>>> print(open('final_20.cif').read())   # mmCIF, C-alpha atoms
data_coords
loop_
_atom_site.label_atom_id
_atom_site.label_comp_id
_atom_site.auth_asym_id
_atom_site.auth_seq_id
_atom_site.Cartn_x
_atom_site.Cartn_y
_atom_site.Cartn_z
CA MET A 208 84.20 55.31 75.71
CA ALA A 209 84.78 56.87 79.13
CA ARG A 210 87.91 55.88 80.96
CA ALA A 211 87.26 53.85 84.12
CA VAL A 212 88.50 55.45 87.35
CA SER A 213 88.87 53.45 90.54
CA LYS A 214 87.15 54.57 93.72
CA ARG A 215 90.48 54.83 95.53
CA ARG A 216 91.84 57.13 92.84
CA THR A 217 88.71 59.28 92.99
CA VAL A 218 88.95 59.61 96.78
CA PHE A 219 92.66 60.45 96.57
CA PHE A 220 92.18 63.28 94.09
CA THR A 221 89.13 64.58 95.96
CA VAL A 222 91.10 64.79 99.22
CA LEU A 223 94.05 66.34 97.38
CA ALA A 224 91.78 68.97 95.80
CA TRP A 225 90.32 69.86 99.21
CA ILE A 226 93.80 70.19 100.72
CA VAL A 227 94.93 72.50 97.92
CA ALA A 228 91.74 74.56 98.23
CA LEU A 229 92.18 74.92 102.00
CA VAL A 230 95.81 75.97 101.62
CA ILE A 231 94.83 78.64 99.09
CA PHE A 232 91.85 79.85 101.13
CA PHE A 233 93.56 79.71 104.56
CA PRO A 234 95.00 83.29 104.50
CA ILE A 235 91.50 84.64 103.79
CA LEU A 236 90.03 82.46 106.53
CA TYR A 237 92.63 83.60 109.05
CA THR A 238 91.99 87.24 108.12
CA ILE A 239 88.28 86.76 108.81
CA ILE A 240 89.03 85.03 112.13
CA THR A 241 91.45 87.77 113.20
CA SER A 242 88.85 90.44 112.46
CA PHE A 243 86.72 89.01 115.29
CA LYS A 244 89.52 89.37 117.84
CA SER A 245 90.59 92.27 120.01
CA GLU A 246 93.92 93.94 119.23
CA THR A 247 95.47 92.24 122.26
CA GLU A 248 94.40 88.80 121.05
CA ALA A 249 95.47 89.54 117.48
CA ILE A 250 99.09 90.25 118.41
CA GLN A 251 99.46 87.30 120.82
CA GLY A 252 100.19 84.84 118.04
CA PHE A 253 98.58 82.15 115.95
CA ASN A 254 95.11 81.25 117.21
CA LEU A 255 92.14 79.94 115.24
CA ILE A 256 89.59 80.59 118.00
CA PRO A 257 88.25 84.17 117.90
CA SER A 258 86.64 85.83 120.90
CA GLY A 259 83.69 86.87 118.76
CA THR A 260 84.03 90.58 119.44
CA VAL A 261 83.02 93.04 116.72
CA GLU A 262 84.83 96.03 118.22
CA SER A 263 87.23 96.12 115.26
CA TYR A 264 84.34 96.50 112.81
CA ALA A 265 82.86 99.29 114.93
CA ALA A 266 86.24 101.06 115.04
CA VAL A 267 86.69 100.70 111.28
CA GLN A 268 83.27 102.16 110.52
CA ALA A 269 83.85 104.98 113.03
CA GLN A 270 87.16 105.90 111.39
CA SER A 271 86.07 105.66 107.73
CA ASN A 272 82.81 105.59 105.81
CA TYR A 273 82.90 102.06 104.36
CA PHE A 274 79.93 102.59 102.04
CA LYS A 275 81.61 105.53 100.29
CA PHE A 276 84.63 103.36 99.42
CA PHE A 277 82.34 100.46 98.49
CA LEU A 278 80.34 102.65 96.08
CA ASN A 279 83.55 103.89 94.46
CA SER A 280 84.74 100.30 93.97
CA VAL A 281 81.44 99.28 92.39
CA ILE A 282 81.35 102.25 90.01
CA ILE A 283 85.00 101.93 88.99
CA SER A 284 85.08 98.13 88.54
CA VAL A 285 81.71 97.81 86.77
CA GLY A 286 82.29 100.94 84.68
CA SER A 287 85.74 99.83 83.53
CA THR A 288 84.38 96.37 82.71
CA PHE A 289 81.59 97.61 80.46
CA LEU A 290 83.90 100.12 78.78
CA ALA A 291 86.44 97.36 78.14
CA LEU A 292 83.72 95.14 76.65
CA LEU A 293 82.54 97.93 74.35
CA ILE A 294 86.05 98.23 72.97
CA SER A 295 87.13 94.60 73.01
CA VAL A 296 84.06 92.90 71.44
CA PRO A 297 84.51 94.62 68.04
CA ALA A 298 88.31 94.28 68.34
CA ALA A 299 88.12 90.56 69.08
CA TRP A 300 85.57 90.08 66.28
CA ALA A 301 87.92 91.72 63.78
CA MET A 302 90.89 89.62 64.90
CA ALA A 303 88.91 86.37 64.96
CA PHE A 304 86.95 86.66 61.72
CA SER A 305 88.90 89.18 59.64
CA PRO A 306 92.52 88.46 60.56
CA THR A 307 95.47 90.11 58.85
CA PRO A 308 99.12 89.02 58.69
CA ARG A 309 99.74 91.34 61.67
CA THR A 310 96.93 90.04 63.90
CA LYS A 311 99.09 87.66 65.94
CA ASP A 312 101.77 90.33 66.32
CA ILE A 313 99.17 92.78 67.65
CA LEU A 314 97.86 90.19 70.10
CA MET A 315 101.37 89.46 71.37
CA TRP A 316 102.11 93.16 71.66
CA MET A 317 98.95 93.69 73.70
CA LEU A 318 99.88 90.81 75.98
CA SER A 319 103.44 92.13 76.37
CA THR A 320 102.09 95.34 77.91
CA LYS A 321 100.96 93.27 80.91
CA MET A 322 104.58 92.26 81.50
CA MET A 323 105.73 95.86 82.00
CA PRO A 324 106.27 96.83 85.65
CA ALA A 325 103.66 99.36 86.68
CA ALA A 326 106.27 101.45 88.47
CA ALA A 327 108.06 102.01 85.15
CA VAL A 328 105.21 104.18 83.83
CA MET A 329 103.98 105.63 87.12
CA VAL A 330 105.53 109.09 86.67
CA PRO A 331 104.27 109.83 83.11
CA ILE A 332 100.79 108.51 83.91
CA TYR A 333 100.63 110.56 87.09
CA LEU A 334 101.68 113.68 85.18
CA LEU A 335 99.07 113.02 82.48
CA PHE A 336 96.36 112.58 85.11
CA ARG A 337 97.48 115.80 86.81
CA ASP A 338 97.51 117.83 83.58
CA PHE A 339 94.08 116.57 82.47
CA GLY A 340 92.51 116.99 85.91
CA LEU A 341 91.84 113.27 86.38
CA LEU A 342 93.52 112.80 89.75
CA ASP A 343 91.18 111.51 92.46
CA SER A 344 88.28 111.09 90.02
CA ARG A 345 86.12 108.07 89.29
CA PHE A 346 86.28 108.79 85.57
CA GLY A 347 90.07 108.81 85.58
CA LEU A 348 90.31 105.53 87.50
CA THR A 349 87.70 103.93 85.23
CA ILE A 350 89.78 104.83 82.17
CA MET A 351 92.97 103.60 83.87
CA LEU A 352 91.54 100.23 84.89
CA THR A 353 90.02 99.80 81.43
CA MET A 354 93.42 100.24 79.81
CA ILE A 355 95.10 97.92 82.34
CA ASN A 356 92.72 95.01 81.80
CA LEU A 357 91.91 95.56 78.11
CA PRO A 358 94.62 93.15 76.79
CA ILE A 359 93.25 90.30 78.92
CA VAL A 360 89.67 91.02 77.87
CA VAL A 361 90.60 91.12 74.15
CA TRP A 362 92.60 87.89 74.44
CA MET A 363 89.80 86.03 76.23
CA LEU A 364 87.10 87.20 73.83
CA TYR A 365 89.31 86.44 70.83
CA THR A 366 89.72 82.87 72.13
CA TYR A 367 85.96 82.45 72.60
CA PHE A 368 85.08 83.96 69.22
CA ARG A 369 87.51 81.63 67.47
CA GLU A 370 85.39 78.70 68.64
CA ILE A 371 82.30 80.02 66.85
CA PRO A 372 81.95 78.65 63.28
CA GLY A 373 82.44 81.37 60.68
CA GLU A 374 79.74 79.82 58.52
CA ILE A 375 77.08 81.08 60.93
CA LEU A 376 78.22 84.66 60.45
CA GLU A 377 78.36 84.16 56.69
CA ALA A 378 74.76 82.95 56.76
CA ALA A 379 73.78 86.08 58.70
CA ARG A 380 75.47 88.25 56.07
CA MET A 381 73.59 86.43 53.30
CA ASP A 382 70.35 87.19 55.14
CA GLY A 383 71.20 90.88 55.01
CA ALA A 384 72.65 91.43 58.51
CA SER A 385 74.79 94.55 58.85
CA LEU A 386 78.18 94.49 60.57
CA TRP A 387 76.81 95.71 63.88
CA GLY A 388 73.76 93.49 63.54
CA GLU A 389 76.05 90.53 63.02
CA ILE A 390 77.99 91.37 66.18
CA ALA A 391 74.98 92.29 68.33
CA TYR A 392 72.41 89.69 67.27
CA VAL A 393 74.46 86.70 66.12
CA LEU A 394 77.94 86.70 67.61
CA THR A 395 77.26 88.13 71.06
CA PRO A 396 74.35 85.80 72.00
CA MET A 397 76.40 82.76 70.97
CA ALA A 398 79.36 83.87 73.09
CA VAL A 399 77.35 84.76 76.21
CA PRO A 400 79.18 82.24 78.48
CA GLY A 401 82.56 83.57 77.38
CA ILE A 402 81.52 87.21 77.64
CA ALA A 403 80.00 86.61 81.09
CA SER A 404 83.15 84.93 82.44
CA THR A 405 85.30 87.68 80.93
CA MET A 406 83.12 90.30 82.58
CA LEU A 407 83.29 88.57 85.97
CA LEU A 408 87.05 88.14 85.77
CA ASN A 409 87.54 91.79 84.78
CA ILE A 410 85.38 92.98 87.68
CA ILE A 411 87.51 90.91 90.08
CA LEU A 412 90.75 92.27 88.62
CA ALA A 413 89.50 95.86 88.76
CA TRP A 414 88.16 95.39 92.30
CA ASN A 415 91.53 94.09 93.52
CA GLU A 416 93.73 96.66 91.75
CA ALA A 417 95.72 98.46 94.44
CA PHE A 418 98.81 100.00 92.84
CA TRP A 419 97.07 102.60 90.70
CA THR A 420 94.02 103.18 92.87
CA ILE A 421 96.18 104.15 95.86
CA ARG A 422 98.49 106.41 93.85
CA LEU A 423 95.89 108.19 91.73
CA THR A 424 93.32 108.88 94.45
CA THR A 425 93.16 110.55 97.84
CA THR A 426 89.61 110.86 99.15
CA ASN A 427 86.84 111.47 96.59
CA ALA A 428 87.34 108.43 94.31
CA ALA A 429 89.24 106.15 96.70
CA PRO A 430 87.99 102.53 96.42
CA LEU A 431 88.19 99.73 98.97
CA THR A 432 91.89 99.06 98.28
CA ALA A 433 92.63 102.57 99.57
CA PHE A 434 90.22 101.88 102.44
CA ILE A 435 92.40 98.94 103.53
CA ALA A 436 95.64 100.91 103.13
CA SER A 437 94.32 103.68 105.40
CA PHE A 438 94.53 101.31 108.37
CA SER A 439 98.27 100.80 108.02
CA SER A 440 99.48 103.38 110.53
CA PRO A 441 103.07 104.51 111.25
CA GLN A 442 102.22 104.36 114.95
CA GLY A 443 101.85 100.59 114.80
CA LEU A 444 100.22 97.63 113.10
CA PHE A 445 96.62 97.27 114.13
CA TRP A 446 96.05 93.69 113.02
CA ALA A 447 92.45 93.30 114.14
CA LYS A 448 91.28 96.56 112.55
CA LEU A 449 93.29 95.86 109.39
CA SER A 450 91.74 92.38 109.20
CA ALA A 451 88.26 93.83 109.69
CA ALA A 452 88.85 96.36 106.91
CA SER A 453 90.20 93.62 104.62
CA THR A 454 87.21 91.38 105.36
CA LEU A 455 84.78 94.18 104.54
CA ALA A 456 86.66 94.86 101.30
CA ILE A 457 86.80 91.27 100.05
CA ALA A 458 83.37 90.16 101.24
CA PRO A 459 81.39 91.54 98.25
CA ILE A 460 83.71 90.00 95.68
CA LEU A 461 83.77 86.66 97.55
CA ILE A 462 79.98 86.56 97.62
CA MET A 463 79.78 87.45 93.92
CA GLY A 464 82.37 84.79 93.06
CA TRP A 465 80.53 82.16 95.10
CA PHE A 466 77.19 82.73 93.38
CA SER A 467 78.71 83.05 89.89
CA GLN A 468 81.23 80.21 90.09
CA LYS A 469 79.26 77.93 87.75
CA GLN A 470 78.97 80.65 85.13
CA LEU A 471 82.65 81.51 85.56
CA VAL A 472 83.82 77.91 85.14
CA ARG A 473 81.46 77.38 82.21
CA GLY A 474 82.82 80.46 80.49
CA LEU A 475 86.48 79.68 81.17
CA THR A 476 86.03 76.20 79.68
CA PHE A 477 83.89 77.47 76.79
CA GLY A 478 84.98 75.66 73.66
CA ALA A 479 87.49 73.47 75.50
CA VAL A 480 85.46 70.27 75.01
CA LYS A 481 84.34 69.42 71.52
#
>>> encode(input="final_20.cif", output="structure tokens")
Amino acid sequence: MARAVSKRRTVFFTVLAWIVALVIFFPILYTIITSFKSETEAIQGFNLIPSGTVESYAAVQAQSNYFKFFLNSVIISVGSTFLALLISVPAAWAMAFSPTPRTKDILMWMLSTKMMPAAAVMVPIYLLFRDFGLLDSRFGLTIMLTMINLPIVVWMLYTYFREIPGEILEAARMDGASLWGEIAYVLTPMAVPGIASTMLLNIILAWNEAFWTIRLTTTNAAPLTAFIASFSSPQGLFWAKLSAASTLAIAPILIMGWFSQKQLVRGLTFGAVK
């Protein structure tokens, strides 16, 4: 039987949720507002009323080719996501349905790699990229972002796969399904919500990665994170232009997140309610 909730309690938590959401979103909102100001207005102080000028956007486009950086971000984030899924789906299947005494240790070891400071391995990775000719290349960044986000992808898929009854896979084996047929035609369709949310989350993480993309690229493969960094000048802080560049960089991922929020929430809660 559902627990009764008073109207006052519902209103209170609704208002509280909106306040928390506004606090989290406010920096993004203020960045968007600042992008529609002139440089003089941007440095005058806190002001939520923009003048409506688009001169900062014109200056940003005149200084850098936005669409080149945008295309690099799309190729790198989507490419690393699909490569991570190709690796992690079989890995998560093995850990979920054919575990060994070392499975939990492997999962913990994979998760522990995310706790390592990126600066601690910057020099050896940079040298490896230099020696293999991967500096400032889309392929190199795709491989790098795949390796960075692979532990999260494996963990999420492992969690989703654990919610699928093993008896269904056993029935598929009895019907003559091969290993890859079992994964492709039985397991994957049943875990579509979880795989979709994992894919969306990985794209967002890859899109926002700044540490490695700035240090391993210069011009050819530079994504939108490098596009933003290029407007931080030693001659001064150009707040309006920097805000315009940031708005252009985050706009695609905000739009994607807005239209896919139901799928993302459904996937993240997949298996949570019995």
>>> atom_distance(input="final_20.cif", atom1="atom CA of A:Leu455", atom2="atom CA of A:Val281")
13.6 Å
>>> residues_around(input="final_20.cif", residues="stretch 292-305 of chain A", least_positions_apart="5", cutoff="7 Å", atoms="only C-alpha atoms", output="list in words")
Thr310, Val360, Val361, Leu364, Tyr365, Phe368 and Arg369 of chain A
>>> residues_around(input="final_20.cif", residues="A:Leu348", least_positions_apart="5", cutoff="12 Å", atoms="only C-alpha atoms", output="ChimeraX atom specification")
/A:279-288,332-333,336,340-343,353-355,413-414,416-425,427-430
>>> resolve_selection(input="final_20.cif", expression="the PyMOL selection byres ((chain A and resi 235) around 12)", output="list in words")
Ala228, Leu229, Val230, Ile231, Phe232, Phe233, Pro234, Leu236, Tyr237, Thr238, Ile239, Ile240, Thr241, Ser242, Ser450, Ala451, Ser453, Thr454, Leu455, Ala456, Ile457, Ala458 and Leu461 of chain A
>>> resolve_selection(input="final_20.cif", expression="the PyMOL selection byres ((chain A and resi 390-399) around 12)", output="number ranges by chain")
A: 292-293, 295-301, 303-304, 363-380, 382, 384-389, 400-406, 470-471, 473-475, 477-478
>>> resolve_selection(input="final_20.cif", expression="the PyMOL selection byres ((chain A and resi 448) around 7)", output="MDAnalysis selection string")
chainID A and resid 242 263:264 267 445:447 449:452
>>> write_last_selection(input="final_20.cif", atoms="C-alpha atoms", output="mmCIF file, keeping the file's coordinate frame")
data_model
loop_
_atom_site.group_PDB
_atom_site.id
_atom_site.type_symbol
_atom_site.label_atom_id
_atom_site.label_comp_id
_atom_site.auth_asym_id
_atom_site.auth_seq_id
_atom_site.Cartn_x
_atom_site.Cartn_y
_atom_site.Cartn_z
ATOM 1 C CA SER A 242 88.850 90.440 112.460
ATOM 2 C CA SER A 263 87.230 96.120 115.260
ATOM 3 C CA TYR A 264 84.340 96.500 112.810
ATOM 4 C CA VAL A 267 86.690 100.700 111.280
ATOM 5 C CA PHE A 445 96.620 97.270 114.130
ATOM 6 C CA TRP A 446 96.050 93.690 113.020
ATOM 7 C CA ALA A 447 92.450 93.300 114.140
ATOM 8 C CA LEU A 449 93.290 95.860 109.390
ATOM 9 C CA SER A 450 91.740 92.380 109.200
ATOM 10 C CA ALA A 451 88.260 93.830 109.690
ATOM 11 C CA ALA A 452 88.850 96.360 106.910
#
>>> atom_distance(input="final_20.cif", atom1="atom CA of A:Phe274", atom2="atom CA of A:Ala249")
25.5 Å
>>> residues_around(input="final_20.cif", residues="A:Gly259", least_positions_apart="2", cutoff="8 Å", atoms="only C-alpha atoms", output="VMD selection string")
chain A and resid 243 to 244 257 261
>>> write_last_selection(input="final_20.cif", atoms="C-alpha atoms", output="PDB file, in the coordinates of the input")
ATOM      1  CA  PHE A 243      86.720  89.010 115.290  1.00  0.00           C
ATOM      2  CA  LYS A 244      89.520  89.370 117.840  1.00  0.00           C
ATOM      3  CA  PRO A 257      88.250  84.170 117.900  1.00  0.00           C
ATOM      4  CA  VAL A 261      83.020  93.040 116.720  1.00  0.00           C
TER       5      VAL A 261
END
>>> atom_distance(input="final_20.cif", atom1="atom CA of A:Lys311", atom2="atom CA of A:Asn409")
22.5 Å
>>> closest_residue(input="final_20.cif", among="A:Leu407, A:Val227, A:Ala436, A:Leu412", to="A:Gln468", atoms="all atoms listed in the file")
A:Leu407
>>> residues_around(input="final_20.cif", residues="stretch 314-320 of chain A", least_positions_apart="4", cutoff="8 Å", atoms="all atoms listed in the file", output="short mmCIF file (atom, residue, chain, number, x, y, z; two decimals) with C-alpha atoms, in the frame of the given file")
data_model
loop_
_atom_site.label_atom_id
_atom_site.label_comp_id
_atom_site.auth_asym_id
_atom_site.auth_seq_id
_atom_site.Cartn_x
_atom_site.Cartn_y
_atom_site.Cartn_z
CA THR A 310 96.93 90.04 63.90
CA PRO A 358 94.62 93.15 76.79
CA ILE A 359 93.25 90.30 78.92
CA TRP A 362 92.60 87.89 74.44
#
>>> axis_aligned_box(input="final_20.cif", around="stretch 242-256 of chain A", padding_each_side="8 Å", output="lines of an AutoDock Vina configuration file")
center_x = 93.5
center_y = 86.9
center_z = 117.4
size_x = 29.5
size_y = 30.0
size_z = 25.8
>>> closest_residue(input="final_20.cif", among="A:Leu278, A:Thr426, A:Ser213, A:Trp465", to="A:Ser344", atoms="only C-alpha atoms")
A:Thr426
>>> decode(input="final_20.cif", residues="stretch 389-460 of chain A", atoms="C-alpha atoms", output="PDB file, in the first residue's frame")
ATOM      1  CA  GLU A 389      23.487 -14.801 -26.410  1.00  0.00           C
ATOM      2  CA  ILE A 390      25.125 -11.411 -25.851  1.00  0.00           C
ATOM      3  CA  ALA A 391      23.852  -9.757 -29.037  1.00  0.00           C
ATOM      4  CA  TYR A 392      20.297 -11.098 -29.276  1.00  0.00           C
ATOM      5  CA  VAL A 393      19.293 -11.851 -25.684  1.00  0.00           C
ATOM      6  CA  LEU A 394      21.334  -9.868 -23.185  1.00  0.00           C
ATOM      7  CA  THR A 395      21.809  -6.596 -25.058  1.00  0.00           C
ATOM      8  CA  PRO A 396      18.119  -6.020 -25.987  1.00  0.00           C
ATOM      9  CA  MET A 397      17.062  -6.654 -22.385  1.00  0.00           C
ATOM     10  CA  ALA A 398      19.614  -4.154 -21.064  1.00  0.00           C
ATOM     11  CA  VAL A 399      18.871  -1.389 -23.589  1.00  0.00           C
ATOM     12  CA  PRO A 400      17.870   1.194 -20.914  1.00  0.00           C
ATOM     13  CA  GLY A 401      21.062   0.559 -18.969  1.00  0.00           C
ATOM     14  CA  ILE A 402      23.260   0.560 -22.065  1.00  0.00           C
ATOM     15  CA  ALA A 403      21.627   3.768 -23.332  1.00  0.00           C
ATOM     16  CA  SER A 404      22.149   5.606 -20.033  1.00  0.00           C
ATOM     17  CA  THR A 405      25.743   4.350 -19.871  1.00  0.00           C
ATOM     18  CA  MET A 406      26.338   5.581 -23.396  1.00  0.00           C
ATOM     19  CA  LEU A 407      24.861   9.009 -22.646  1.00  0.00           C
ATOM     20  CA  LEU A 408      26.856   9.377 -19.445  1.00  0.00           C
ATOM     21  CA  ASN A 409      30.081   8.358 -21.191  1.00  0.00           C
ATOM     22  CA  ILE A 410      29.498  10.882 -23.984  1.00  0.00           C
ATOM     23  CA  ILE A 411      29.015  13.621 -21.377  1.00  0.00           C
ATOM     24  CA  LEU A 412      32.181  12.610 -19.508  1.00  0.00           C
ATOM     25  CA  ALA A 413      34.218  12.461 -22.716  1.00  0.00           C
ATOM     26  CA  TRP A 414      32.790  15.777 -23.938  1.00  0.00           C
ATOM     27  CA  ASN A 415      33.760  17.518 -20.690  1.00  0.00           C
ATOM     28  CA  GLU A 416      37.247  16.014 -20.339  1.00  0.00           C
ATOM     29  CA  ALA A 417      39.711  18.909 -20.272  1.00  0.00           C
ATOM     30  CA  PHE A 418      42.928  17.732 -18.612  1.00  0.00           C
ATOM     31  CA  TRP A 419      44.046  15.281 -21.288  1.00  0.00           C
ATOM     32  CA  THR A 420      42.475  16.971 -24.296  1.00  0.00           C
ATOM     33  CA  ILE A 421      44.365  20.210 -23.629  1.00  0.00           C
ATOM     34  CA  ARG A 422      47.693  18.488 -22.969  1.00  0.00           C
ATOM     35  CA  LEU A 423      47.636  15.963 -25.797  1.00  0.00           C
ATOM     36  CA  THR A 424      46.408  18.254 -28.581  1.00  0.00           C
ATOM     37  CA  THR A 425      47.393  21.533 -30.191  1.00  0.00           C
ATOM     38  CA  THR A 426      45.358  22.301 -33.303  1.00  0.00           C
ATOM     39  CA  ASN A 427      44.306  19.352 -35.479  1.00  0.00           C
ATOM     40  CA  ALA A 428      42.389  17.261 -32.910  1.00  0.00           C
ATOM     41  CA  ALA A 429      41.603  19.965 -30.348  1.00  0.00           C
ATOM     42  CA  PRO A 430      38.010  19.612 -29.038  1.00  0.00           C
ATOM     43  CA  LEU A 431      35.767  22.249 -27.489  1.00  0.00           C
ATOM     44  CA  THR A 432      37.560  22.131 -24.120  1.00  0.00           C
ATOM     45  CA  ALA A 433      40.682  23.412 -25.889  1.00  0.00           C
ATOM     46  CA  PHE A 434      38.466  25.916 -27.711  1.00  0.00           C
ATOM     47  CA  ILE A 435      37.433  27.395 -24.346  1.00  0.00           C
ATOM     48  CA  ALA A 436      40.997  27.417 -23.013  1.00  0.00           C
ATOM     49  CA  SER A 437      42.204  29.389 -26.043  1.00  0.00           C
ATOM     50  CA  PHE A 438      40.273  32.428 -24.809  1.00  0.00           C
ATOM     51  CA  SER A 439      42.207  32.638 -21.556  1.00  0.00           C
ATOM     52  CA  SER A 440      44.804  35.221 -22.554  1.00  0.00           C
ATOM     53  CA  PRO A 441      47.852  36.429 -20.562  1.00  0.00           C
ATOM     54  CA  GLN A 442      46.967  39.967 -21.621  1.00  0.00           C
ATOM     55  CA  GLY A 443      43.783  39.873 -19.555  1.00  0.00           C
ATOM     56  CA  LEU A 444      40.566  38.042 -18.760  1.00  0.00           C
ATOM     57  CA  PHE A 445      38.001  38.548 -21.463  1.00  0.00           C
ATOM     58  CA  TRP A 446      34.916  37.472 -19.537  1.00  0.00           C
ATOM     59  CA  ALA A 447      32.316  38.060 -22.236  1.00  0.00           C
ATOM     60  CA  LYS A 448      34.267  36.226 -24.949  1.00  0.00           C
ATOM     61  CA  LEU A 449      35.165  33.416 -22.542  1.00  0.00           C
ATOM     62  CA  SER A 450      31.493  33.104 -21.559  1.00  0.00           C
ATOM     63  CA  ALA A 451      30.452  33.037 -25.210  1.00  0.00           C
ATOM     64  CA  ALA A 452      32.989  30.301 -25.956  1.00  0.00           C
ATOM     65  CA  SER A 453      31.825  28.317 -22.901  1.00  0.00           C
ATOM     66  CA  THR A 454      28.173  28.674 -23.929  1.00  0.00           C
ATOM     67  CA  LEU A 455      28.931  27.424 -27.442  1.00  0.00           C
ATOM     68  CA  ALA A 456      30.840  24.477 -25.967  1.00  0.00           C
ATOM     69  CA  ILE A 457      28.199  23.367 -23.476  1.00  0.00           C
ATOM     70  CA  ALA A 458      25.127  24.079 -25.606  1.00  0.00           C
ATOM     71  CA  PRO A 459      25.197  20.788 -27.593  1.00  0.00           C
ATOM     72  CA  ILE A 460      25.586  18.636 -24.498  1.00  0.00           C
TER      73      ILE A 460
END
